[in-house]
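Undergrad: Below is the file my_file-v7.cif, with mmCIF, C-alpha atoms and all ligand atoms.
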data_structure
loop_
_atom_site.label_atom_id
_atom_site.label_comp_id
_atom_site.auth_asym_id
_atom_site.auth_seq_id
_atom_site.Cartn_x
_atom_site.Cartn_y
_atom_site.Cartn_z
CA MET B 1 0.00 0.00 0.00
CA ARG B 2 1.20 3.50 -0.77
CA ALA B 3 1.11 5.87 2.18
CA ILE B 4 1.24 8.89 -0.13
CA ALA B 5 0.47 9.02 -3.84
CA THR B 6 0.05 12.20 -5.84
CA GLN B 7 -0.66 12.40 -9.53
CA ASN B 8 -0.21 15.52 -11.58
CA LEU B 9 -0.69 17.46 -8.33
CA THR B 10 -0.84 21.15 -9.17
CA LYS B 11 -1.56 24.27 -7.15
CA THR B 12 -1.49 27.83 -8.35
CA TYR B 13 -2.08 30.85 -6.14
CA GLY B 14 -3.90 33.15 -8.55
CA LYS B 15 -1.28 33.84 -11.16
CA HIS B 16 1.55 32.62 -8.92
CA ARG B 17 3.19 29.23 -9.13
CA GLY B 18 2.75 26.88 -6.23
CA ILE B 19 3.53 23.38 -7.48
CA SER B 20 3.12 21.86 -10.90
CA GLN B 21 2.35 18.26 -11.92
CA VAL B 22 3.94 16.62 -8.91
CA ASP B 23 3.89 12.80 -8.94
CA LEU B 24 5.01 11.49 -5.58
CA GLU B 25 4.94 7.92 -4.26
CA VAL B 26 5.76 7.04 -0.68
CA GLN B 27 5.35 3.40 0.29
CA GLU B 28 3.89 2.45 3.64
CA GLY B 29 6.70 2.09 6.20
CA GLU B 30 9.16 4.26 4.29
CA ARG B 31 11.26 7.09 5.71
CA TYR B 32 11.05 9.73 3.04
CA GLY B 33 12.73 13.14 2.75
CA PHE B 34 11.39 16.09 0.80
CA ILE B 35 14.07 18.55 -0.22
CA GLY B 36 14.09 21.86 -2.02
CA PRO B 37 15.27 25.44 -1.70
CA ASN B 38 13.07 28.21 -0.27
CA GLY B 39 9.91 28.67 -2.28
CA ALA B 40 10.29 25.35 -4.15
CA GLY B 41 6.85 24.08 -3.09
CA LYS B 42 7.41 21.82 -0.07
CA SER B 43 4.88 23.49 2.25
CA THR B 44 2.34 23.76 -0.56
CA THR B 45 2.63 20.00 -1.19
CA ILE B 46 2.28 19.22 2.52
CA LYS B 47 -0.74 21.51 2.89
CA LEU B 48 -2.39 19.79 -0.08
CA LEU B 49 -1.74 16.37 1.49
CA LEU B 50 -3.27 17.52 4.76
CA GLY B 51 -6.34 19.03 3.10
CA PHE B 52 -5.41 22.57 4.23
CA LEU B 53 -5.36 23.59 0.55
CA PHE B 54 -7.27 22.26 -2.45
CA PRO B 55 -5.45 21.33 -5.64
CA THR B 56 -5.91 23.36 -8.80
CA ALA B 57 -5.46 20.09 -10.74
CA GLY B 58 -4.42 16.50 -10.09
CA THR B 59 -4.99 14.28 -7.07
CA ALA B 60 -3.37 13.43 -3.77
CA ARG B 61 -4.09 10.26 -1.83
CA ILE B 62 -3.05 9.09 1.62
CA PHE B 63 -3.41 5.36 2.29
CA GLY B 64 -5.54 5.23 -0.87
CA LYS B 65 -7.97 7.95 0.28
CA ASP B 66 -8.46 11.16 -1.61
CA CYS B 67 -7.05 14.13 0.33
CA VAL B 68 -9.99 16.38 -0.60
CA LYS B 69 -12.93 13.97 -0.28
CA SER B 70 -11.67 11.98 2.70
CA SER B 71 -9.82 14.65 4.63
CA ASP B 72 -11.48 13.67 7.96
CA THR B 73 -10.59 9.99 7.62
CA ILE B 74 -7.04 10.92 6.64
CA LYS B 75 -6.62 13.17 9.68
CA ARG B 76 -7.36 10.18 11.90
CA VAL B 77 -4.36 8.23 10.62
CA THR B 78 -2.00 11.10 9.89
CA ALA B 79 -0.18 13.43 12.25
CA TYR B 80 1.59 16.63 11.33
CA VAL B 81 4.35 18.60 13.01
CA PRO B 82 4.67 22.06 11.46
CA SER B 83 7.93 23.89 11.16
CA GLU B 84 6.77 26.70 13.44
CA VAL B 85 4.44 25.66 16.21
CA ARG B 86 1.62 27.92 17.43
CA TYR B 87 -0.74 26.97 20.24
CA TYR B 88 -3.28 28.78 22.43
CA ARG B 89 -1.19 30.58 25.00
CA ASN B 90 -2.99 29.41 28.11
CA LEU B 91 -3.05 25.67 27.34
CA THR B 92 -0.56 23.43 29.08
CA ALA B 93 1.49 20.79 27.29
CA ARG B 94 -0.60 18.10 28.97
CA GLN B 95 -3.84 19.72 27.75
CA ILE B 96 -2.51 19.85 24.21
CA MET B 97 -1.59 16.18 24.27
CA LYS B 98 -4.99 15.34 25.79
CA THR B 99 -6.76 17.32 23.04
CA ALA B 100 -4.88 15.32 20.43
CA LEU B 101 -5.85 12.08 22.17
CA ASN B 102 -9.51 13.18 22.47
CA PHE B 103 -9.61 13.93 18.75
CA HIS B 104 -8.54 10.34 18.14
CA LYS B 105 -10.89 8.99 20.82
CA MET B 106 -7.89 7.74 22.74
CA ARG B 107 -7.10 7.90 26.45
CA TRP B 108 -4.05 9.16 28.28
CA ASP B 109 -1.83 6.14 28.94
CA SER B 110 1.77 5.20 29.67
CA LEU B 111 2.84 6.19 26.15
CA ALA B 112 1.90 9.81 26.89
CA ASP B 113 3.97 9.75 30.08
CA GLU B 114 6.83 8.10 28.23
CA LEU B 115 6.84 10.86 25.56
CA ILE B 116 6.79 13.58 28.24
CA ASP B 117 9.79 11.87 29.78
CA GLN B 118 11.69 11.25 26.53
CA PHE B 119 11.30 14.84 25.34
CA ALA B 120 11.76 16.33 28.84
CA ILE B 121 8.49 18.27 28.56
CA GLU B 122 7.25 20.34 31.49
CA ALA B 123 3.74 19.00 31.11
CA ASP B 124 1.89 21.42 33.36
CA LYS B 125 3.48 24.58 32.08
CA LYS B 126 1.46 26.91 29.82
CA MET B 127 2.39 27.43 26.18
CA GLU B 128 3.04 31.14 26.73
CA GLU B 129 5.90 30.15 29.03
CA PHE B 130 7.51 27.77 26.50
CA SER B 131 10.43 28.65 24.24
CA LEU B 132 10.09 27.93 20.49
CA GLY B 133 12.06 24.69 20.75
CA ASN B 134 10.07 23.51 23.75
CA LYS B 135 6.80 24.20 21.88
CA LYS B 136 8.17 22.08 19.06
CA LYS B 137 8.76 19.20 21.48
CA VAL B 138 5.12 19.44 22.59
CA ALA B 139 3.99 19.33 18.95
CA ILE B 140 6.12 16.23 18.36
CA ALA B 141 4.76 14.50 21.48
CA ALA B 142 1.16 15.47 20.59
CA ALA B 143 1.69 13.96 17.14
CA LEU B 144 3.33 10.74 18.33
CA VAL B 145 0.92 10.12 21.20
CA THR B 146 -1.87 9.40 18.69
CA CYS B 147 0.18 6.57 17.11
CA PRO B 148 -0.29 7.77 13.53
CA GLY B 149 0.25 5.53 10.52
CA LEU B 150 1.85 8.47 8.73
CA LEU B 151 3.79 11.28 10.34
CA ILE B 152 4.46 14.39 8.27
CA LEU B 153 7.10 16.73 9.64
CA ASP B 154 8.08 20.11 8.26
CA GLU B 155 11.65 20.98 9.31
CA PRO B 156 11.52 18.47 12.19
CA THR B 157 14.64 19.60 14.03
CA SER B 158 14.29 23.37 13.68
CA GLY B 159 14.47 24.83 17.18
CA LEU B 160 15.62 21.57 18.81
CA ASP B 161 18.96 21.31 20.57
CA PRO B 162 21.34 18.50 19.43
CA LEU B 163 20.34 16.18 22.28
CA MET B 164 16.64 16.53 21.43
CA GLN B 165 17.40 16.08 17.73
CA LYS B 166 18.97 12.74 18.59
CA THR B 167 16.03 11.79 20.83
CA LEU B 168 13.63 12.69 18.03
CA PHE B 169 15.37 10.50 15.45
CA ASP B 170 15.73 7.62 17.92
CA VAL B 171 12.00 7.76 18.65
CA LEU B 172 11.11 8.11 14.95
CA GLN B 173 13.36 5.16 14.11
CA LYS B 174 11.63 2.95 16.71
CA ARG B 175 8.17 3.97 15.50
CA ASN B 176 9.21 3.39 11.92
CA GLU B 177 10.34 -0.13 12.84
CA THR B 178 6.79 -0.82 13.97
CA GLY B 179 5.32 0.49 10.72
CA MET B 180 4.91 4.25 10.93
CA THR B 181 5.67 6.02 7.65
CA VAL B 182 7.71 9.21 8.01
CA PHE B 183 7.57 12.01 5.43
CA MET B 184 9.75 14.97 6.32
CA SER B 185 10.62 18.17 4.57
CA SER B 186 13.98 19.53 5.60
CA HIS B 187 16.76 21.93 4.69
CA ASN B 188 19.14 19.86 6.78
CA LEU B 189 20.54 17.53 4.16
CA ALA B 190 22.70 15.60 6.61
CA GLU B 191 19.68 14.61 8.69
CA VAL B 192 17.71 13.54 5.63
CA GLU B 193 20.68 11.53 4.42
CA GLN B 194 21.12 9.85 7.79
CA PHE B 195 17.50 9.08 8.54
CA CYS B 196 15.62 8.71 5.26
CA GLN B 197 15.66 5.86 2.78
CA LYS B 198 14.57 8.03 -0.14
CA ALA B 199 14.45 11.71 -0.90
CA ALA B 200 12.49 13.66 -3.49
CA PHE B 201 13.94 16.91 -4.81
CA ILE B 202 11.59 19.71 -5.76
CA LYS B 203 12.63 22.78 -7.68
CA GLU B 204 10.44 25.68 -8.80
CA GLY B 205 7.31 23.66 -8.09
CA LYS B 206 8.38 20.57 -10.04
CA LEU B 207 9.63 17.24 -8.77
CA ILE B 208 13.00 16.76 -10.44
CA GLU B 209 14.37 13.57 -8.92
CA VAL B 210 13.79 10.84 -6.38
CA ALA B 211 17.03 9.49 -4.93
CA LYS B 212 17.55 6.29 -2.97
CA LEU B 213 19.77 7.00 0.00
CA SER B 214 21.00 3.54 0.96
CA HIS B 215 24.77 3.29 0.83
CA GLN B 216 24.81 0.55 -1.79
CA GLU B 217 22.90 2.78 -4.17
CA ARG B 218 25.27 5.75 -4.03
CA GLU B 219 26.01 6.98 -7.47
CA GLY B 220 29.74 7.32 -7.63
CA LYS B 221 32.55 9.04 -5.79
CA ILE B 222 33.91 12.55 -5.66
CA PHE B 223 37.64 12.76 -6.31
CA SER B 224 39.80 15.74 -5.40
CA VAL B 225 43.23 15.40 -6.99
CA ALA B 226 46.24 17.72 -7.01
CA CYS B 227 48.36 16.97 -10.07
CA PRO B 228 49.93 19.52 -12.48
CA GLU B 229 50.24 17.07 -15.39
CA LEU B 230 46.67 15.76 -15.36
CA THR B 231 44.56 16.81 -18.36
CA ARG B 232 40.84 17.20 -19.00
CA GLU B 233 41.16 14.82 -21.99
CA ALA B 234 42.70 12.07 -19.86
CA LEU B 235 40.06 12.39 -17.14
CA GLU B 236 37.09 12.60 -19.47
CA GLY B 237 38.53 9.78 -21.57
CA CYS B 238 38.33 7.63 -18.47
CA GLY B 239 34.69 8.56 -17.80
CA ALA B 240 35.23 11.24 -15.13
CA GLN B 241 32.80 14.14 -14.97
CA ILE B 242 34.75 17.26 -14.08
CA ILE B 243 33.23 19.56 -11.47
CA SER B 244 36.01 22.12 -11.21
CA GLN B 245 39.65 22.78 -12.00
CA GLU B 246 41.82 25.40 -10.36
CA GLU B 247 45.42 25.28 -11.57
CA SER B 248 46.56 21.76 -10.66
CA ALA B 249 43.56 20.98 -8.39
CA TRP B 250 40.85 18.86 -9.99
CA ARG B 251 37.45 17.84 -8.61
CA PHE B 252 35.46 15.28 -10.49
CA VAL B 253 32.76 12.64 -10.13
CA TYR B 254 33.64 9.08 -11.13
CA ARG B 255 30.95 6.42 -11.46
CA GLY B 256 32.87 3.51 -13.02
CA GLU B 257 34.98 0.68 -11.59
CA MET B 258 37.63 2.03 -9.22
CA SER B 259 40.38 0.15 -11.04
CA GLY B 260 39.72 2.32 -14.14
CA ILE B 261 40.38 5.69 -12.53
CA LEU B 262 43.11 4.41 -10.20
CA GLY B 263 44.85 2.86 -13.22
CA LEU B 264 44.85 6.24 -14.94
CA LEU B 265 46.03 8.17 -11.87
CA SER B 266 48.86 5.70 -11.26
CA HIS B 267 50.59 7.08 -14.40
CA TYR B 268 50.81 10.55 -12.86
CA ASN B 269 52.76 12.20 -10.11
CA ILE B 270 49.84 12.78 -7.68
CA GLN B 271 50.51 15.38 -4.97
CA ASP B 272 47.27 14.93 -3.07
CA LEU B 273 44.19 12.74 -3.39
CA THR B 274 40.91 12.45 -1.49
CA VAL B 275 37.93 10.28 -2.41
CA ARG B 276 34.48 10.39 -0.83
CA ASN B 277 30.93 9.30 -1.53
CA ILE B 278 28.56 11.65 -3.27
CA ASP B 279 26.34 13.02 -0.54
CA LEU B 280 23.01 14.80 -0.60
CA GLU B 281 24.65 18.18 -0.41
CA ASP B 282 26.50 17.50 -3.68
CA LYS B 283 23.24 16.48 -5.30
CA PHE B 284 21.38 19.45 -3.89
CA LEU B 285 23.99 21.91 -5.11
CA SER B 286 24.23 20.32 -8.54
CA TYR B 287 20.45 20.44 -8.98
CA TYR B 288 19.86 23.88 -7.59
CA GLU B 289 23.00 25.85 -8.50
CA SER B 290 23.20 24.73 -12.08
CA GLY B 291 19.89 26.34 -13.07
CA GLU B 292 19.06 23.08 -14.81
CA GLY B 293 16.39 20.60 -13.90
CA LYS B 294 18.94 17.81 -13.44
N1 LIG B 301 -0.45 32.13 -0.03
C1 LIG B 301 0.31 32.25 -1.10
N2 LIG B 301 0.03 33.16 -2.05
C2 LIG B 301 0.80 33.30 -3.17
N3 LIG B 301 1.88 32.52 -3.45
C3 LIG B 301 2.20 31.61 -2.51
C4 LIG B 301 1.45 31.41 -1.30
N4 LIG B 301 2.02 30.40 -0.60
C5 LIG B 301 3.08 29.99 -1.33
N5 LIG B 301 3.18 30.71 -2.47
C6 LIG B 301 4.18 30.53 -3.52
O1 LIG B 301 4.24 29.16 -3.83
C7 LIG B 301 5.58 28.76 -4.11
C8 LIG B 301 5.94 27.58 -3.19
O2 LIG B 301 5.96 28.04 -1.83
P1 LIG B 301 6.12 27.05 -0.60
O3 LIG B 301 5.82 27.83 0.63
O4 LIG B 301 5.32 25.84 -0.86
O5 LIG B 301 7.68 26.71 -0.69
P2 LIG B 301 8.63 25.91 0.33
O6 LIG B 301 9.41 24.95 -0.49
O7 LIG B 301 7.84 25.39 1.46
O8 LIG B 301 9.59 27.08 0.83
P3 LIG B 301 10.36 27.26 2.25
O9 LIG B 301 11.49 26.27 2.25
O10 LIG B 301 10.86 28.67 2.15
O11 LIG B 301 9.37 27.07 3.36
C9 LIG B 301 6.45 29.99 -3.88
O12 LIG B 301 6.70 30.56 -5.15
C10 LIG B 301 5.59 30.90 -3.04
O13 LIG B 301 5.87 32.25 -3.30
#
What would the structure in this file look like if it were written as structure tokens?
TA:
Amino acid sequence: MRAIATQNLTKTYGKHRGISQVDLEVQEGERYGFIGPNGAGKSTTIKLLLGFLFPTAGTARIFGKDCVKSSDTIKRVTAYVPSEVRYYRNLTARQIMKTALNFHKMRWDSLADELIDQFAIEADKKMEEFSLGNKKKVAIAAALVTCPGLLILDEPTSGLDPLMQKTLFDVLQKRNETGMTVFMSSHNLAEVEQFCQKAAFIKEGKLIEVAKLSHQEREGKIFSVACPELTREALEGCGAQIISQEESAWRFVYRGEMSGILGLLSHYNIQDLTVRNIDLEDKFLSYYESGEGK
């Protein structure tokens, strides 16, 4: 079963672009990242999934249910943690978690206490007394306490200190192991790379790529080589894709067998050499700096 499926999903704000023809597929149980620069269309997509906005064209489904027609049913199996959390000032953290439970016709139980403990929440303090990061922790606990099948997070770690970021991903990992699907939009590429199995890249409202993030599926290595004699012809002849050259310093991507490039380099007097996996930041920069779709 697909937790999220959108087809041709399009939203315009009057004459302004929102998103255009987005086809997204997230399988049940997946940990999925949603990446794009400011204004790319991440929040618009999330709001369409949650039924906060209606599409101009196309469809969005969660667990097979249409996000417009079955918005109420979807809200019962989906939880959402926004990037910036706003609550009524005079509610306590406990009251907010209870409200979430009431909405799902659930009772306060040991899980609620456990979440308060894990996220070090001062449960009887009012929202007006909470810092931004502490409000975020309440939002996370209120989302998790309802045991959603799908958790959608917008910038999940914004406002959280490093210890709480770790707690969050530990808790998400455990929930994911028992079946919860996680869909998170983030500007923090390292956290997406570490936690998610797949990531979709959105640019100017269009989905431009879905990347698998498991280590086996990495697409090549980045070489940085210092060598005055090396030539563009030699590198390209071997299948390298040059990223930059400054005097004798070369940076290139190599996707072939290692023996090929190492065989070539062994003929040169190499002054320095580093090799590393392509990471999400490389991909992000290549998609978004180049001005091209891919
Ligand atoms: N209410 C609105 N009225 C007009 N245009 C809007 C509105 N909301 C979003 N947009 C436009 O839709 C496009 C996508 O915006 P969106 O907020 O979805 O991007 P985003 O990827 O979430 O950005 P960020 O990372 O900055 O939060 C942008 O061009 C934005 O200007």
Undergrad: Quick one: residues within 8 Å of region 140-147 of chain B, only C-alpha atoms, excluding same-chain residues fewer than 5 positions away - as a list in words?
TA: Ala79, Tyr80, Val81, Ile96, Met97, Ala100, Leu101, His104, Met106, Leu111, Ala112, Leu115, Ile116 and Phe119 of chain B
Undergrad: Kindly assemble as a Markdown table a list of the chain B residues that lie within 6 Å of ligand LIG 301 (chain B), each paired with its nearest atom pair and their distance in Å to one decimal, using all atoms listed in the file, sorted first by chain and then by ascending residue number.
TA:
| residue | atom | partner | partner_atom | distance |
| --- | --- | --- | --- | --- |
| B:Tyr13 | CA | B:LIG301 | C2 | 4.8 |
| B:His16 | CA | B:LIG301 | N3 | 5.5 |
| B:Arg17 | CA | B:LIG301 | O1 | 5.4 |
| B:Gly18 | CA | B:LIG301 | O1 | 3.6 |
| B:Gly36 | CA | B:LIG301 | O6 | 5.8 |
| B:Pro37 | CA | B:LIG301 | O9 | 5.5 |
| B:Asn38 | CA | B:LIG301 | O10 | 3.3 |
| B:Gly39 | CA | B:LIG301 | O5 | 3.4 |
| B:Ala40 | CA | B:LIG301 | O6 | 3.8 |
| B:Gly41 | CA | B:LIG301 | O4 | 3.2 |
| B:Lys42 | CA | B:LIG301 | O6 | 3.7 |
| B:Ser43 | CA | B:LIG301 | O7 | 3.6 |
| B:Thr44 | CA | B:LIG301 | O4 | 3.6 |
Undergrad: Using the selection just defined, write its residues with C-alpha atoms as a compact mmCIF listing (two decimals), in the frame of the given file.
TA:
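File written: selection.txt
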# COMPACT_ATOMS: atom_id res chain seq x y z
CA TYR B 13 -2.08 30.85 -6.14
CA HIS B 16 1.55 32.62 -8.92
CA ARG B 17 3.19 29.23 -9.13
CA GLY B 18 2.75 26.88 -6.23
CA GLY B 36 14.09 21.86 -2.02
CA PRO B 37 15.27 25.44 -1.70
CA ASN B 38 13.07 28.21 -0.27
CA GLY B 39 9.91 28.67 -2.28
CA ALA B 40 10.29 25.35 -4.15
CA GLY B 41 6.85 24.08 -3.09
CA LYS B 42 7.41 21.82 -0.07
CA SER B 43 4.88 23.49 2.25
CA THR B 44 2.34 23.76 -0.56
Undergrad: Using only C-alpha atoms, which of B:Val85, B:Leu285, B:Cys238, B:Met127 sits nearest Leu153 (chain B)?
TA: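 Closest to Leu153 (chain B) of all the choices is B:Val85.
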Undergrad: Identify, on the basis of all atoms listed in the file, every residue whose closest approach to Ser185 (chain B) does not exceed 6 Å; exclude the query and any residue fewer than 2 positions from it along the same chain; express the result as a PyMOL selection string.
TA: chain B and resi 33-35+154-155
Undergrad: Quote the spacing between CA of Phe130 (chain B) and CA of His187 (chain B) in Å to one decimal place.
TA: 24.4 Å
Undergrad: Quick one: distance from CA of Ala93 (chain B) to CA of Asp109 (chain B) in Å, one decimal?
TA: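 Separation between CA of Ala93 (chain B) and CA of Asp109 (chain B): 15.1 Å.
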Undergrad: Using only C-alpha atoms, which of B:Asp161, B:Glu204, B:Glu229, B:Glu219 sits nearest Ser20 (chain B)?
TA: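 Answer, going by the shortest atom-to-atom distance: B:Glu204.
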Undergrad: So how many Å separate CA of Glu28 (chain B) and CA of Val192 (chain B), to one decimal?
TA: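 Between CA of Glu28 (chain B) and CA of Val192 (chain B) the gap is 17.8 Å.
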Undergrad: Could you list, as a VMD selection string, every residue within 8 Å of region 64-77 of chain B, counting all atoms listed in the file and ignoring same-chain residues fewer than 5 positions away?
TA: chain B and resid 1 to 5 48 to 51 54 59 104 148 to 150
Undergrad: So that I can see what lies close to Glu209 (chain B), please list as a PyMOL selection string the residues with an atom at most 12 Å from it, counting all atoms listed in the file and leaving out residues fewer than 6 positions away in the same chain.
TA: chain B and resi 22-25+33-36+198-203+283-284+286-288+293-294
Undergrad: Can you work out which one of B:Ile270, B:Leu264, B:Val225, B:Ile208 has the shortest atom-to-atom distance to Arg251 (chain B), counting all atoms listed in the file?
TA: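 Between B:Ile270, B:Leu264, B:Val225, B:Ile208, the residue approaching Arg251 (chain B) most closely is B:Val225.
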Undergrad: Rank nothing, just name the residue among B:Ala60, B:Ile46, B:Ala190, B:Cys227 nearest to Leu9 (chain B), using all atoms listed in the file.
TA: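 Using all atoms listed in the file, Leu9 (chain B) sits closest to B:Ala60.
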Undergrad: Please report, as JSON, the centre and edge lengths in Å to one decimal of an axis-aligned box covering all listed atoms of region 74-81 of chain B with 8 Å per side.
TA:
{"center_x": -1.5, "center_y": 13.4, "center_z": 9.8, "size_x": 27.7, "size_y": 26.4, "size_z": 22.4}
Undergrad: For each of B:Gln194, B:Thr157, B:Thr231, B:Asn188, take the minimum atom-to-atom distance to Leu213 (chain B), counting only C-alpha atoms, then give the residue where this is smallest.
TA: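 For Leu213 (chain B), the nearest of the candidates is B:Gln194.
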Undergrad: From the set B:Thr45, B:Asn102, B:Gln7, B:Gln95, which residue has the shortest atom-to-atom contact distance to Gly58 (chain B), counting all atoms listed in the file?
TA: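 Under the stated criterion, the closest residue is B:Gln7.
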